[in-house]
$ cat work-v1.txt   # compact mmCIF, C-alpha atoms and all ligand atoms
# COMPACT_ATOMS: atom_id res chain seq x y z
CA MET Y 1 47.53 -71.89 -22.73
CA GLU Y 2 47.41 -74.32 -25.62
CA LEU Y 3 44.15 -76.07 -26.44
CA GLU Y 4 44.30 -79.84 -26.30
CA LEU Y 5 42.34 -80.84 -29.37
CA GLN Y 6 41.15 -83.91 -31.21
CA PRO Y 7 39.94 -83.91 -34.81
CA LEU Y 8 36.24 -83.10 -35.23
CA ALA Y 9 35.89 -85.98 -37.67
CA LEU Y 10 32.79 -84.55 -39.31
CA PRO Y 11 31.44 -85.98 -42.55
CA CYS Y 12 32.40 -84.12 -45.72
CA ASP Y 13 33.16 -84.93 -49.34
CA GLY Y 14 36.89 -85.57 -49.75
CA GLY Y 15 38.97 -82.40 -49.85
CA ARG Y 16 35.91 -80.14 -49.64
CA PRO Y 17 35.11 -78.03 -46.56
CA PHE Y 18 32.46 -79.51 -44.30
CA VAL Y 19 29.16 -77.73 -44.59
CA ILE Y 20 26.54 -77.20 -41.91
CA ALA Y 21 23.26 -75.95 -43.35
CA GLY Y 22 19.74 -75.35 -42.17
CA PRO Y 23 17.36 -72.62 -41.12
CA CYS Y 24 18.11 -69.86 -38.65
CA SER Y 25 15.24 -71.19 -36.51
CA ALA Y 26 13.21 -74.36 -36.30
CA GLU Y 27 9.79 -72.78 -36.94
CA THR Y 28 7.39 -75.70 -37.51
CA GLU Y 29 7.81 -79.42 -37.85
CA GLU Y 30 6.92 -79.15 -41.53
CA GLN Y 31 9.50 -76.41 -42.21
CA VAL Y 32 12.19 -78.47 -40.45
CA MET Y 33 11.35 -81.69 -42.31
CA THR Y 34 11.00 -80.03 -45.73
CA THR Y 35 14.25 -78.07 -45.42
CA ALA Y 36 16.16 -81.07 -44.04
CA THR Y 37 14.89 -83.37 -46.81
CA GLN Y 38 15.86 -80.86 -49.51
CA LEU Y 39 19.31 -80.31 -48.01
CA ALA Y 40 19.95 -84.05 -47.67
CA ALA Y 41 18.98 -84.49 -51.33
CA LYS Y 42 21.71 -81.95 -52.20
CA GLY Y 43 24.30 -84.01 -50.32
CA CYS Y 44 24.40 -82.05 -47.05
CA HIS Y 45 25.59 -84.04 -44.04
CA ILE Y 46 24.98 -81.70 -41.10
CA PHE Y 47 21.73 -79.89 -40.34
CA ARG Y 48 21.50 -76.74 -38.20
CA ALA Y 49 18.40 -75.12 -36.68
CA GLY Y 50 18.10 -72.70 -33.77
CA VAL Y 51 15.67 -73.73 -31.06
CA TRP Y 52 16.48 -71.02 -28.50
CA LYS Y 53 16.98 -67.73 -30.33
CA PRO Y 54 18.85 -64.82 -28.73
CA ARG Y 55 17.02 -61.76 -30.10
CA THR Y 56 18.24 -58.20 -29.82
CA LYS Y 57 14.82 -56.80 -28.86
CA PRO Y 58 12.01 -58.42 -26.87
CA GLY Y 59 8.81 -59.34 -28.67
CA GLY Y 60 10.38 -61.17 -31.66
CA PHE Y 61 10.25 -64.92 -32.27
CA GLU Y 62 12.48 -66.40 -29.57
CA GLY Y 63 12.40 -69.99 -30.79
CA ASN Y 64 10.17 -72.94 -30.02
CA GLY Y 65 12.39 -74.31 -27.26
CA GLU Y 66 12.15 -77.94 -26.21
CA LYS Y 67 9.08 -78.49 -28.40
CA ALA Y 68 11.29 -78.28 -31.52
CA LEU Y 69 13.91 -80.81 -30.42
CA PRO Y 70 11.85 -83.89 -31.47
CA TRP Y 71 11.52 -82.28 -34.95
CA LEU Y 72 15.32 -82.19 -35.26
CA LYS Y 73 15.51 -85.77 -34.03
CA ARG Y 74 13.00 -86.80 -36.67
CA ALA Y 75 14.94 -84.94 -39.37
CA LYS Y 76 18.03 -86.89 -38.32
CA GLU Y 77 16.18 -90.23 -38.41
CA LYS Y 78 14.67 -89.51 -41.82
CA THR Y 79 17.73 -88.07 -43.60
CA GLY Y 80 20.71 -89.52 -41.71
CA MET Y 81 22.16 -86.03 -41.29
CA LEU Y 82 23.86 -85.03 -38.05
CA ILE Y 83 22.01 -82.28 -36.19
CA THR Y 84 23.23 -79.20 -34.37
CA THR Y 85 21.62 -76.41 -32.38
CA GLU Y 86 22.65 -73.41 -30.29
CA VAL Y 87 22.92 -73.73 -26.52
CA ALA Y 88 23.23 -70.80 -24.14
CA THR Y 89 22.48 -72.28 -20.69
CA PRO Y 90 23.09 -75.57 -18.83
CA GLU Y 91 19.35 -76.38 -19.24
CA HIS Y 92 19.74 -76.10 -23.02
CA VAL Y 93 22.71 -78.46 -22.87
CA GLU Y 94 20.79 -81.01 -20.84
CA LEU Y 95 17.83 -80.96 -23.23
CA ALA Y 96 19.99 -81.02 -26.36
CA LEU Y 97 21.83 -84.10 -25.09
CA LYS Y 98 18.54 -85.73 -24.12
CA TYR Y 99 17.22 -85.42 -27.68
CA GLY Y 100 20.41 -86.74 -29.32
CA ILE Y 101 21.80 -83.51 -30.78
CA ASP Y 102 25.18 -84.42 -32.33
CA LEU Y 103 27.02 -81.11 -32.15
CA LEU Y 104 26.42 -77.94 -30.18
CA TRP Y 105 27.19 -74.39 -31.13
CA ILE Y 106 27.57 -71.44 -28.81
CA GLY Y 107 26.27 -68.08 -30.00
CA ALA Y 108 28.22 -64.85 -30.25
CA ARG Y 109 26.43 -63.18 -27.33
CA THR Y 110 27.13 -66.13 -25.07
CA THR Y 111 30.83 -66.36 -25.98
CA ALA Y 112 31.18 -62.75 -24.85
CA ASN Y 113 30.07 -63.65 -21.31
CA PRO Y 114 32.64 -65.59 -19.22
CA PHE Y 115 30.06 -66.49 -16.52
CA ALA Y 116 27.76 -68.05 -19.13
CA MET Y 117 30.72 -69.82 -20.77
CA GLN Y 118 31.89 -71.28 -17.47
CA ALA Y 119 28.36 -72.49 -16.63
CA LEU Y 120 28.12 -74.13 -20.07
CA ALA Y 121 31.57 -75.71 -19.71
CA ASP Y 122 30.62 -77.13 -16.29
CA SER Y 123 27.41 -78.58 -17.71
CA LEU Y 124 29.35 -80.24 -20.54
CA ARG Y 125 31.94 -81.92 -18.29
CA GLY Y 126 31.91 -85.68 -18.82
CA THR Y 127 30.57 -85.52 -22.40
CA ASP Y 128 32.64 -85.50 -25.58
CA ILE Y 129 30.18 -83.81 -27.92
CA PRO Y 130 31.81 -81.48 -30.48
CA VAL Y 131 31.32 -77.81 -29.57
CA LEU Y 132 31.52 -74.99 -32.10
CA VAL Y 133 32.23 -71.64 -30.48
CA LYS Y 134 31.20 -68.50 -32.36
CA ASN Y 135 33.37 -65.42 -32.01
CA PRO Y 136 32.16 -62.94 -29.39
CA VAL Y 137 30.18 -59.97 -30.74
CA ASN Y 138 33.12 -57.68 -29.99
CA PRO Y 139 36.45 -58.12 -31.80
CA ASP Y 140 38.29 -59.58 -28.82
CA LEU Y 141 40.43 -62.56 -29.77
CA GLU Y 142 41.43 -63.28 -26.16
CA LEU Y 143 37.78 -63.52 -25.09
CA TRP Y 144 37.11 -65.95 -27.96
CA ILE Y 145 40.12 -68.11 -27.07
CA GLY Y 146 39.22 -67.89 -23.37
CA ALA Y 147 35.72 -69.23 -24.09
CA MET Y 148 37.22 -72.21 -25.94
CA GLU Y 149 39.73 -72.78 -23.13
CA ARG Y 150 36.86 -73.07 -20.64
CA ILE Y 151 35.21 -75.78 -22.78
CA ASN Y 152 38.56 -77.49 -23.24
CA GLN Y 153 39.37 -77.41 -19.52
CA ALA Y 154 36.06 -79.18 -18.89
CA GLY Y 155 37.60 -82.11 -20.81
CA LEU Y 156 36.04 -81.58 -24.26
CA LYS Y 157 38.55 -81.91 -27.07
CA ARG Y 158 36.48 -81.71 -30.21
CA ILE Y 159 36.22 -77.94 -30.52
CA ALA Y 160 35.99 -75.61 -33.51
CA ALA Y 161 35.68 -71.85 -33.88
CA ILE Y 162 32.96 -70.20 -35.94
CA HIS Y 163 33.83 -66.84 -37.47
CA ARG Y 164 30.54 -64.88 -37.75
CA GLY Y 165 31.85 -61.33 -37.85
CA PHE Y 166 31.81 -58.50 -35.30
CA SER Y 167 29.12 -55.97 -34.37
CA SER Y 168 29.59 -52.38 -35.39
CA PHE Y 169 27.53 -49.25 -35.24
CA ASP Y 170 28.03 -48.61 -38.92
CA LYS Y 171 26.25 -51.36 -40.89
CA LYS Y 172 26.86 -50.30 -44.47
CA LEU Y 173 27.86 -53.44 -46.31
CA TYR Y 174 28.04 -56.21 -43.73
CA ARG Y 175 25.70 -57.04 -40.88
CA ASN Y 176 28.79 -58.00 -38.88
CA LEU Y 177 32.24 -56.86 -39.99
CA PRO Y 178 34.37 -59.85 -41.05
CA MET Y 179 37.70 -58.38 -39.75
CA TRP Y 180 39.50 -61.34 -41.35
CA GLN Y 181 42.73 -60.52 -39.50
CA ILE Y 182 41.13 -61.91 -36.32
CA PRO Y 183 40.45 -65.48 -37.56
CA ILE Y 184 43.83 -65.34 -39.35
CA GLU Y 185 45.54 -64.51 -36.04
CA LEU Y 186 43.48 -67.24 -34.32
CA HIS Y 187 44.81 -69.75 -36.86
CA ARG Y 188 48.38 -68.51 -36.29
CA ARG Y 189 47.97 -68.93 -32.53
CA ILE Y 190 46.19 -72.33 -32.60
CA PRO Y 191 46.99 -74.00 -35.94
CA ASP Y 192 45.13 -77.23 -35.12
CA LEU Y 193 41.83 -75.52 -34.31
CA PRO Y 194 39.32 -75.90 -37.16
CA ILE Y 195 37.75 -72.58 -38.22
CA ILE Y 196 34.31 -72.48 -39.78
CA CYS Y 197 32.98 -69.40 -41.55
CA ASP Y 198 29.37 -68.22 -41.09
CA PRO Y 199 28.79 -66.03 -44.16
CA SER Y 200 25.08 -65.69 -43.32
CA HIS Y 201 25.61 -63.71 -40.13
CA ILE Y 202 28.60 -61.79 -41.51
CA GLY Y 203 26.77 -60.70 -44.66
CA GLY Y 204 23.22 -60.39 -43.41
CA ARG Y 205 22.11 -60.47 -47.08
CA ARG Y 206 21.84 -63.45 -49.37
CA GLU Y 207 23.81 -61.80 -52.22
CA LEU Y 208 26.89 -61.73 -50.01
CA ILE Y 209 26.90 -65.45 -49.19
CA ALA Y 210 28.75 -66.61 -52.33
CA PRO Y 211 31.63 -64.07 -52.22
CA LEU Y 212 32.06 -64.56 -48.46
CA CYS Y 213 32.22 -68.35 -48.86
CA GLN Y 214 34.89 -67.94 -51.52
CA GLN Y 215 36.90 -65.57 -49.32
CA ALA Y 216 36.72 -68.07 -46.45
CA MET Y 217 37.96 -70.84 -48.76
CA ASP Y 218 40.77 -68.65 -50.09
CA LEU Y 219 41.90 -68.16 -46.50
CA GLY Y 220 41.96 -71.93 -46.00
CA MET Y 221 39.06 -72.16 -43.56
CA ASP Y 222 37.90 -75.68 -42.79
CA GLY Y 223 34.13 -75.44 -43.02
CA LEU Y 224 31.05 -73.33 -43.59
CA ILE Y 225 27.82 -72.88 -41.64
CA ILE Y 226 25.13 -71.42 -43.86
CA GLU Y 227 21.51 -70.58 -43.16
CA SER Y 228 19.20 -72.34 -45.57
CA HIS Y 229 15.39 -72.37 -45.50
CA CYS Y 230 12.82 -74.03 -47.78
CA ASP Y 231 11.04 -70.67 -48.12
CA PRO Y 232 13.53 -67.94 -47.10
CA GLU Y 233 11.27 -64.94 -47.75
CA LYS Y 234 8.83 -66.23 -45.16
CA ALA Y 235 11.42 -67.10 -42.49
CA TRP Y 236 10.51 -66.07 -38.95
CA SER Y 237 14.04 -64.83 -38.25
CA ASP Y 238 16.94 -63.64 -40.46
CA ALA Y 239 14.82 -63.81 -43.63
CA LYS Y 240 17.14 -61.57 -45.69
CA GLN Y 241 20.18 -63.80 -45.30
CA GLN Y 242 18.67 -67.26 -45.82
CA ILE Y 243 18.92 -69.14 -49.10
CA THR Y 244 17.05 -72.13 -50.51
CA PRO Y 245 18.79 -75.52 -50.54
CA ASP Y 246 18.93 -75.11 -54.34
CA MET Y 247 20.79 -71.81 -54.10
CA LEU Y 248 23.11 -73.30 -51.50
CA ASP Y 249 23.94 -76.21 -53.78
CA ASN Y 250 24.64 -73.78 -56.60
CA ILE Y 251 26.95 -71.64 -54.46
CA LEU Y 252 28.85 -74.66 -53.14
CA SER Y 253 29.31 -76.16 -56.59
CA LEU Y 254 30.89 -72.92 -57.85
CA LEU Y 255 33.36 -72.64 -54.96
CA VAL Y 256 36.99 -72.87 -55.95
CA ILE Y 257 38.85 -74.91 -53.34
CA ARG Y 258 42.59 -74.34 -53.50
CA ASP Y 259 45.04 -76.92 -52.27
CA LYS Y 260 46.49 -75.70 -48.96
CA SER Y 261 49.53 -77.97 -49.01
CA VAL Y 262 50.89 -77.06 -52.43
CA THR Y 263 53.89 -74.78 -52.33
CA THR Y 264 55.93 -74.59 -55.47
CA GLU Y 265 59.65 -73.96 -55.74
CA VAL Y 266 58.94 -70.47 -57.05
CA ILE Y 267 56.95 -69.56 -53.94
CA ASN Y 268 59.60 -71.06 -51.68
CA GLU Y 269 62.24 -68.94 -53.40
CA MET Y 270 60.16 -65.79 -52.99
CA ARG Y 271 59.51 -66.61 -49.34
CA LYS Y 272 63.28 -66.88 -48.79
CA GLN Y 273 63.68 -63.41 -50.24
CA ILE Y 274 60.95 -62.10 -47.92
CA ASP Y 275 62.71 -63.70 -44.93
CA GLU Y 276 65.99 -62.06 -45.92
CA LEU Y 277 64.31 -58.68 -46.31
CA ASP Y 278 62.65 -59.07 -42.91
CA ASN Y 279 66.08 -59.76 -41.42
CA THR Y 280 67.42 -56.62 -43.04
CA ILE Y 281 64.50 -54.60 -41.67
CA MET Y 282 65.24 -55.92 -38.16
CA GLU Y 283 68.94 -55.06 -38.45
CA VAL Y 284 68.20 -51.57 -39.69
CA LEU Y 285 65.65 -51.02 -36.92
CA ALA Y 286 68.13 -52.20 -34.30
CA LYS Y 287 70.74 -49.80 -35.69
CA ARG Y 288 68.19 -46.96 -35.61
CA MET Y 289 67.42 -47.73 -31.97
CA ARG Y 290 71.14 -47.71 -31.08
CA ILE Y 291 71.45 -44.23 -32.54
CA CYS Y 292 68.35 -43.15 -30.62
CA ARG Y 293 69.99 -44.29 -27.42
CA ASP Y 294 73.12 -42.28 -28.32
CA ILE Y 295 70.90 -39.26 -28.89
CA GLY Y 296 69.29 -39.93 -25.50
CA GLN Y 297 72.72 -39.92 -23.90
CA TYR Y 298 73.59 -36.64 -25.62
CA LYS Y 299 70.29 -35.02 -24.59
CA LYS Y 300 70.86 -36.13 -21.02
CA GLU Y 301 74.32 -34.59 -20.95
CA HIS Y 302 73.04 -31.36 -22.49
CA ASN Y 303 69.80 -31.20 -20.48
CA MET Y 304 67.47 -31.32 -23.54
CA THR Y 305 63.88 -32.70 -23.71
CA VAL Y 306 63.24 -36.09 -25.34
CA LEU Y 307 60.16 -35.15 -27.35
CA GLN Y 308 60.59 -32.51 -29.97
CA ALA Y 309 57.19 -32.30 -31.64
CA SER Y 310 58.29 -30.38 -34.73
CA ARG Y 311 60.90 -32.99 -35.60
CA TYR Y 312 58.31 -35.78 -35.14
CA ASN Y 313 55.71 -34.18 -37.45
CA GLU Y 314 58.38 -33.51 -40.01
CA ILE Y 315 59.37 -37.20 -40.05
CA LEU Y 316 55.76 -38.38 -40.40
CA ASP Y 317 54.91 -35.97 -43.24
CA LYS Y 318 58.10 -36.63 -45.13
CA ARG Y 319 57.79 -40.42 -44.89
CA GLY Y 320 54.06 -40.39 -45.71
CA ALA Y 321 54.74 -38.53 -48.95
CA GLN Y 322 57.68 -40.80 -49.75
CA GLY Y 323 55.45 -43.84 -49.14
CA ALA Y 324 53.00 -42.59 -51.77
CA LEU Y 325 55.86 -42.23 -54.25
CA PHE Y 326 56.83 -45.85 -53.60
CA GLY Y 327 53.28 -47.11 -54.18
CA MET Y 328 52.35 -47.55 -50.51
CA SER Y 329 49.50 -45.86 -48.72
CA PRO Y 330 50.70 -42.78 -46.74
CA GLU Y 331 48.52 -43.94 -43.79
CA PHE Y 332 50.33 -47.28 -43.68
CA VAL Y 333 53.74 -45.58 -43.76
CA LYS Y 334 52.69 -43.09 -41.08
CA GLU Y 335 51.50 -45.92 -38.84
CA ILE Y 336 54.84 -47.70 -39.17
CA PHE Y 337 56.80 -44.56 -38.40
CA GLU Y 338 54.55 -43.75 -35.46
CA ALA Y 339 55.31 -47.19 -34.01
CA ILE Y 340 59.04 -46.80 -34.66
CA HIS Y 341 58.98 -43.38 -33.06
CA GLU Y 342 57.17 -44.67 -30.01
CA GLU Y 343 59.83 -47.34 -29.46
CA SER Y 344 62.61 -44.79 -30.09
CA VAL Y 345 61.20 -42.50 -27.40
CA ARG Y 346 60.91 -45.44 -25.01
CA GLN Y 347 64.55 -46.34 -25.61
CA GLN Y 348 65.71 -42.74 -25.15
CA MET Y 349 63.76 -42.48 -21.91
CA GLU Y 350 65.47 -45.62 -20.65
CA VAL Y 351 68.90 -44.04 -21.24
CA ILE Y 352 67.89 -40.70 -19.75
CA ASN Y 353 66.40 -42.23 -16.60
CA LYS Y 354 69.39 -44.49 -15.98
C1 LIG Y 401 22.45 -68.06 -35.37
O1 LIG Y 401 23.36 -68.80 -35.75
O2 LIG Y 401 21.29 -68.15 -35.79
C2 LIG Y 401 22.79 -66.97 -34.43
C3 LIG Y 401 21.92 -66.47 -33.56
O3 LIG Y 401 24.04 -66.54 -34.58
P1 LIG Y 401 24.99 -65.48 -33.81
O4 LIG Y 401 25.21 -66.03 -32.43
O5 LIG Y 401 26.21 -65.55 -34.68
O6 LIG Y 401 24.32 -64.15 -33.84
MN MN Y 402 20.30 -66.51 -37.68
$ encode --input "work-v1.txt" --output "structure tokens"
Amino acid sequence: MELELQPLALPCDGGRPFVIAGPCSAETEEQVMTTATQLAAKGCHIFRAGVWKPRTKPGGFEGNGEKALPWLKRAKEKTGMLITTEVATPEHVELALKYGIDLLWIGARTTANPFAMQALADSLRGTDIPVLVKNPVNPDLELWIGAMERINQAGLKRIAAIHRGFSSFDKKLYRNLPMWQIPIELHRRIPDLPIICDPSHIGGRRELIAPLCQQAMDLGMDGLIIESHCDPEKAWSDAKQQITPDMLDNILSLLVIRDKSVTTEVINEMRKQIDELDNTIMEVLAKRMRICRDIGQYKKEHNMTVLQASRYNEILDKRGAQGALFGMSPEFVKEIFEAIHEESVRQQMEVINK
């Protein structure tokens, strides 16, 4: 199913990505007001702060709940920024709307749960508030798209995706693996859907924010959501990944934004060559499959087995080594030949079972 979308129409400075910034959690009224004032002074237009915090383990700070919503409202009145918070249940939605929250975001753990997503979608029916849907914690593109479809089917058209990375057992560099191929595929599937990058939750460390923002921009993402706190070291949640409004301003000013629409003649020419080569690859593959079917016919007539393991290993080893000679990784070449082999076997089986 296609999503039926309308532009988000969020404020941003011409040609730049839109930026949502603010603390992981609304901790105290003072922290909210100080951070919001500092961010507004740096030209930020949209303020984020979590009010209900999904925590991995019990006993941590789980947010101030409804008590914090008037603080966000006050921040909006004082600075003119739009405000956004995370909602996970229909009660959250009702309260957020009551206090004039301008945009809602849905957290990664909620996106992963179709029951919760449907309940949220039902509670949003009849409103047209923009909804930003984080990727689910697991790298499942269909689940992510499904969550957005539920919101869309409830009649909301201003939807965006937030790429915040994917959980993994091995947390060496990133808190959540970026797996960029997933948002890239999302963009290929739904070109009109804005994609926002959340470098804070991908990186989990403040040093990674700048390079992750640049990567997101290089991939043509539309916006950024970044955790920013007036005193990051003392934050009640996600302290390691938050940056001061000053640092944020510095990172944003150094971002190189490339023009998405520019394609030069040279690139067009090279793309034509790639298209021609892809055609050649398809023709060669089709020819290879035809021969495989002939082999299948021969094996059938001579009562031979389809799979001959020694021949298969020989092909993989030979091509892997050849790949290295041609400057390609042997693993990549082996993967391709494994896939080709799988299809060849399928085609032979079709002939043999006819
Ligand atoms: C957050 O944005 O503070 C948050 C809890 O994010 P996520 O759902 O990506 O973990
Ligand atoms: Mn956080």
$ residues_near_ligand --input "work-v1.txt" --ligand "ligand LIG 401 (chain Y)" --cutoff "7 Å" --atoms "only C-alpha atoms and all ligand atoms" --output "compact mmCIF listing (two decimals) with C-alpha atoms, in the coordinates of the input"
# COMPACT_ATOMS: atom_id res chain seq x y z
CA CYS Y 24 18.11 -69.86 -38.65
CA SER Y 25 15.24 -71.19 -36.51
CA GLY Y 50 18.10 -72.70 -33.77
CA LYS Y 53 16.98 -67.73 -30.33
CA PRO Y 54 18.85 -64.82 -28.73
CA ILE Y 106 27.57 -71.44 -28.81
CA GLY Y 107 26.27 -68.08 -30.00
CA ALA Y 108 28.22 -64.85 -30.25
CA ARG Y 109 26.43 -63.18 -27.33
CA LYS Y 134 31.20 -68.50 -32.36
CA ARG Y 164 30.54 -64.88 -37.75
CA HIS Y 201 25.61 -63.71 -40.13
$ closest_atom_pairs --input "work-v1.txt" --of "chain Y" --to "ligand MN 402 (chain Y)" --cutoff "12 Å" --atoms "only C-alpha atoms and all ligand atoms" --output "Markdown table"
| residue | atom | partner | partner_atom | distance |
| --- | --- | --- | --- | --- |
| Y:Ala21 | CA | Y:MN402 | MN | 11.4 |
| Y:Gly22 | CA | Y:MN402 | MN | 9.9 |
| Y:Pro23 | CA | Y:MN402 | MN | 7.6 |
| Y:Cys24 | CA | Y:MN402 | MN | 4.1 |
| Y:Ser25 | CA | Y:MN402 | MN | 7.0 |
| Y:Ala26 | CA | Y:MN402 | MN | 10.7 |
| Y:Arg48 | CA | Y:MN402 | MN | 10.3 |
| Y:Ala49 | CA | Y:MN402 | MN | 8.9 |
| Y:Gly50 | CA | Y:MN402 | MN | 7.6 |
| Y:Val51 | CA | Y:MN402 | MN | 10.8 |
| Y:Trp52 | CA | Y:MN402 | MN | 10.9 |
| Y:Lys53 | CA | Y:MN402 | MN | 8.2 |
| Y:Pro54 | CA | Y:MN402 | MN | 9.2 |
| Y:Arg55 | CA | Y:MN402 | MN | 9.5 |
| Y:Thr56 | CA | Y:MN402 | MN | 11.6 |
| Y:Phe61 | CA | Y:MN402 | MN | 11.5 |
| Y:Glu62 | CA | Y:MN402 | MN | 11.3 |
| Y:Gly63 | CA | Y:MN402 | MN | 11.0 |
| Y:Thr85 | CA | Y:MN402 | MN | 11.3 |
| Y:Glu86 | CA | Y:MN402 | MN | 10.4 |
| Y:Gly107 | CA | Y:MN402 | MN | 9.9 |
| Y:Ala108 | CA | Y:MN402 | MN | 11.0 |
| Y:Arg164 | CA | Y:MN402 | MN | 10.4 |
| Y:Arg175 | CA | Y:MN402 | MN | 11.4 |
| Y:Asp198 | CA | Y:MN402 | MN | 9.8 |
| Y:Pro199 | CA | Y:MN402 | MN | 10.7 |
| Y:Ser200 | CA | Y:MN402 | MN | 7.4 |
| Y:His201 | CA | Y:MN402 | MN | 6.5 |
| Y:Ile202 | CA | Y:MN402 | MN | 10.3 |
| Y:Gly203 | CA | Y:MN402 | MN | 11.2 |
| Y:Gly204 | CA | Y:MN402 | MN | 8.9 |
| Y:Arg205 | CA | Y:MN402 | MN | 11.3 |
| Y:Ile225 | CA | Y:MN402 | MN | 10.6 |
| Y:Ile226 | CA | Y:MN402 | MN | 9.3 |
| Y:Glu227 | CA | Y:MN402 | MN | 6.9 |
| Y:Ser228 | CA | Y:MN402 | MN | 9.9 |
| Y:His229 | CA | Y:MN402 | MN | 10.9 |
| Y:Pro232 | CA | Y:MN402 | MN | 11.7 |
| Y:Ala235 | CA | Y:MN402 | MN | 10.1 |
| Y:Trp236 | CA | Y:MN402 | MN | 9.9 |
| Y:Ser237 | CA | Y:MN402 | MN | 6.5 |
| Y:Asp238 | CA | Y:MN402 | MN | 5.2 |
| Y:Ala239 | CA | Y:MN402 | MN | 8.5 |
| Y:Lys240 | CA | Y:MN402 | MN | 9.9 |
| Y:Gln241 | CA | Y:MN402 | MN | 8.1 |
| Y:Gln242 | CA | Y:MN402 | MN | 8.3 |
| Y:Ile243 | CA | Y:MN402 | MN | 11.8 |
$ residues_around --input "work-v1.txt" --residues "Leu254 in chain Y" --least-positions-apart "6" --cutoff "12 Å" --atoms "all atoms listed in the file" --output "list in words"
Ala210, Pro211, Cys213, Gln214, Met217, Met247 and Leu248 of chain Y
$ atom_distance --input "work-v1.txt" --atom1 "CA of Asp294 in chain Y" --atom2 "CA of Glu314 in chain Y"
20.8 Å
$ residues_around --input "work-v1.txt" --residues "range 6-15 of chain Y" --least-positions-apart "6" --cutoff "10 Å" --atoms "all atoms listed in the file" --output "short mmCIF file (atom, residue, chain, number, x, y, z; two decimals) with C-alpha atoms, in the coordinates of the input"
data_model
loop_
_atom_site.label_atom_id
_atom_site.label_comp_id
_atom_site.auth_asym_id
_atom_site.auth_seq_id
_atom_site.Cartn_x
_atom_site.Cartn_y
_atom_site.Cartn_z
CA GLY Y 43 24.30 -84.01 -50.32
CA CYS Y 44 24.40 -82.05 -47.05
CA HIS Y 45 25.59 -84.04 -44.04
CA ILE Y 46 24.98 -81.70 -41.10
CA MET Y 81 22.16 -86.03 -41.29
CA LEU Y 82 23.86 -85.03 -38.05
CA LEU Y 103 27.02 -81.11 -32.15
CA ILE Y 129 30.18 -83.81 -27.92
CA PRO Y 130 31.81 -81.48 -30.48
CA VAL Y 131 31.32 -77.81 -29.57
CA LEU Y 132 31.52 -74.99 -32.10
CA LEU Y 156 36.04 -81.58 -24.26
CA LYS Y 157 38.55 -81.91 -27.07
CA ARG Y 158 36.48 -81.71 -30.21
CA ILE Y 159 36.22 -77.94 -30.52
CA ALA Y 160 35.99 -75.61 -33.51
CA ASP Y 192 45.13 -77.23 -35.12
CA LEU Y 193 41.83 -75.52 -34.31
CA PRO Y 194 39.32 -75.90 -37.16
CA ASP Y 222 37.90 -75.68 -42.79
CA GLY Y 223 34.13 -75.44 -43.02
CA ILE Y 257 38.85 -74.91 -53.34
CA ARG Y 258 42.59 -74.34 -53.50
CA ASP Y 259 45.04 -76.92 -52.27
#
$ residues_near_point --input "work-v1.txt" --point "(17.5, -79.8, -53.9)" --cutoff "9 Å" --atoms "all atoms listed in the file" --output "short mmCIF file (atom, residue, chain, number, x, y, z; two decimals) with C-alpha atoms, in the coordinates of the input"
data_model
loop_
_atom_site.label_atom_id
_atom_site.label_comp_id
_atom_site.auth_asym_id
_atom_site.auth_seq_id
_atom_site.Cartn_x
_atom_site.Cartn_y
_atom_site.Cartn_z
CA THR Y 37 14.89 -83.37 -46.81
CA GLN Y 38 15.86 -80.86 -49.51
CA LEU Y 39 19.31 -80.31 -48.01
CA ALA Y 40 19.95 -84.05 -47.67
CA ALA Y 41 18.98 -84.49 -51.33
CA LYS Y 42 21.71 -81.95 -52.20
CA GLY Y 43 24.30 -84.01 -50.32
CA THR Y 244 17.05 -72.13 -50.51
CA PRO Y 245 18.79 -75.52 -50.54
CA ASP Y 246 18.93 -75.11 -54.34
CA MET Y 247 20.79 -71.81 -54.10
CA LEU Y 248 23.11 -73.30 -51.50
CA ASP Y 249 23.94 -76.21 -53.78
#
$ atom_distance --input "work-v1.txt" --atom1 "CA of Ile145 in chain Y" --atom2 "CA of Glu335 in chain Y"
27.6 Å
$ atom_distance --input "work-v1.txt" --atom1 "CA of Ile20 in chain Y" --atom2 "CA of Leu224 in chain Y"
6.2 Å
$ closest_residue --input "work-v1.txt" --among "Y:Cys197, Y:Ile182, Y:Val137, Y:Leu120" --to "Ile151 in chain Y" --atoms "only C-alpha atoms"
Y:Leu120
$ axis_aligned_box --input "work-v1.txt" --around "range 129-138 of chain Y" --padding-each-side "6 Å" --output "AutoDock Vina command-line options"
--center_x 31.8 --center_y -70.7 --center_z -30.1 --size_x 15.2 --size_y 38.1 --size_z 16.4
$ closest_residue --input "work-v1.txt" --among "Y:Gln215, Y:Gln153, Y:Gln118, Y:Gln347" --to "Ala286 in chain Y" --atoms "all atoms listed in the file"
Y:Gln347
$ closest_residue --input "work-v1.txt" --among "Y:Lys354, Y:Lys260, Y:Arg346, Y:Arg311" --to "Pro17 in chain Y" --atoms "all atoms listed in the file"
Y:Lys260
$ residues_near_point --input "work-v1.txt" --point "(36.3, -81.6, -19.7)" --cutoff "9 Å" --atoms "only C-alpha atoms" --output "PyMOL selection string"
chain Y and resi 121-122+124-128+150-157
$ closest_residue --input "work-v1.txt" --among "Y:Ala88, Y:Ala116, Y:Ile83, Y:Leu208" --to "Val19 in chain Y" --atoms "all atoms listed in the file"
Y:Ile83
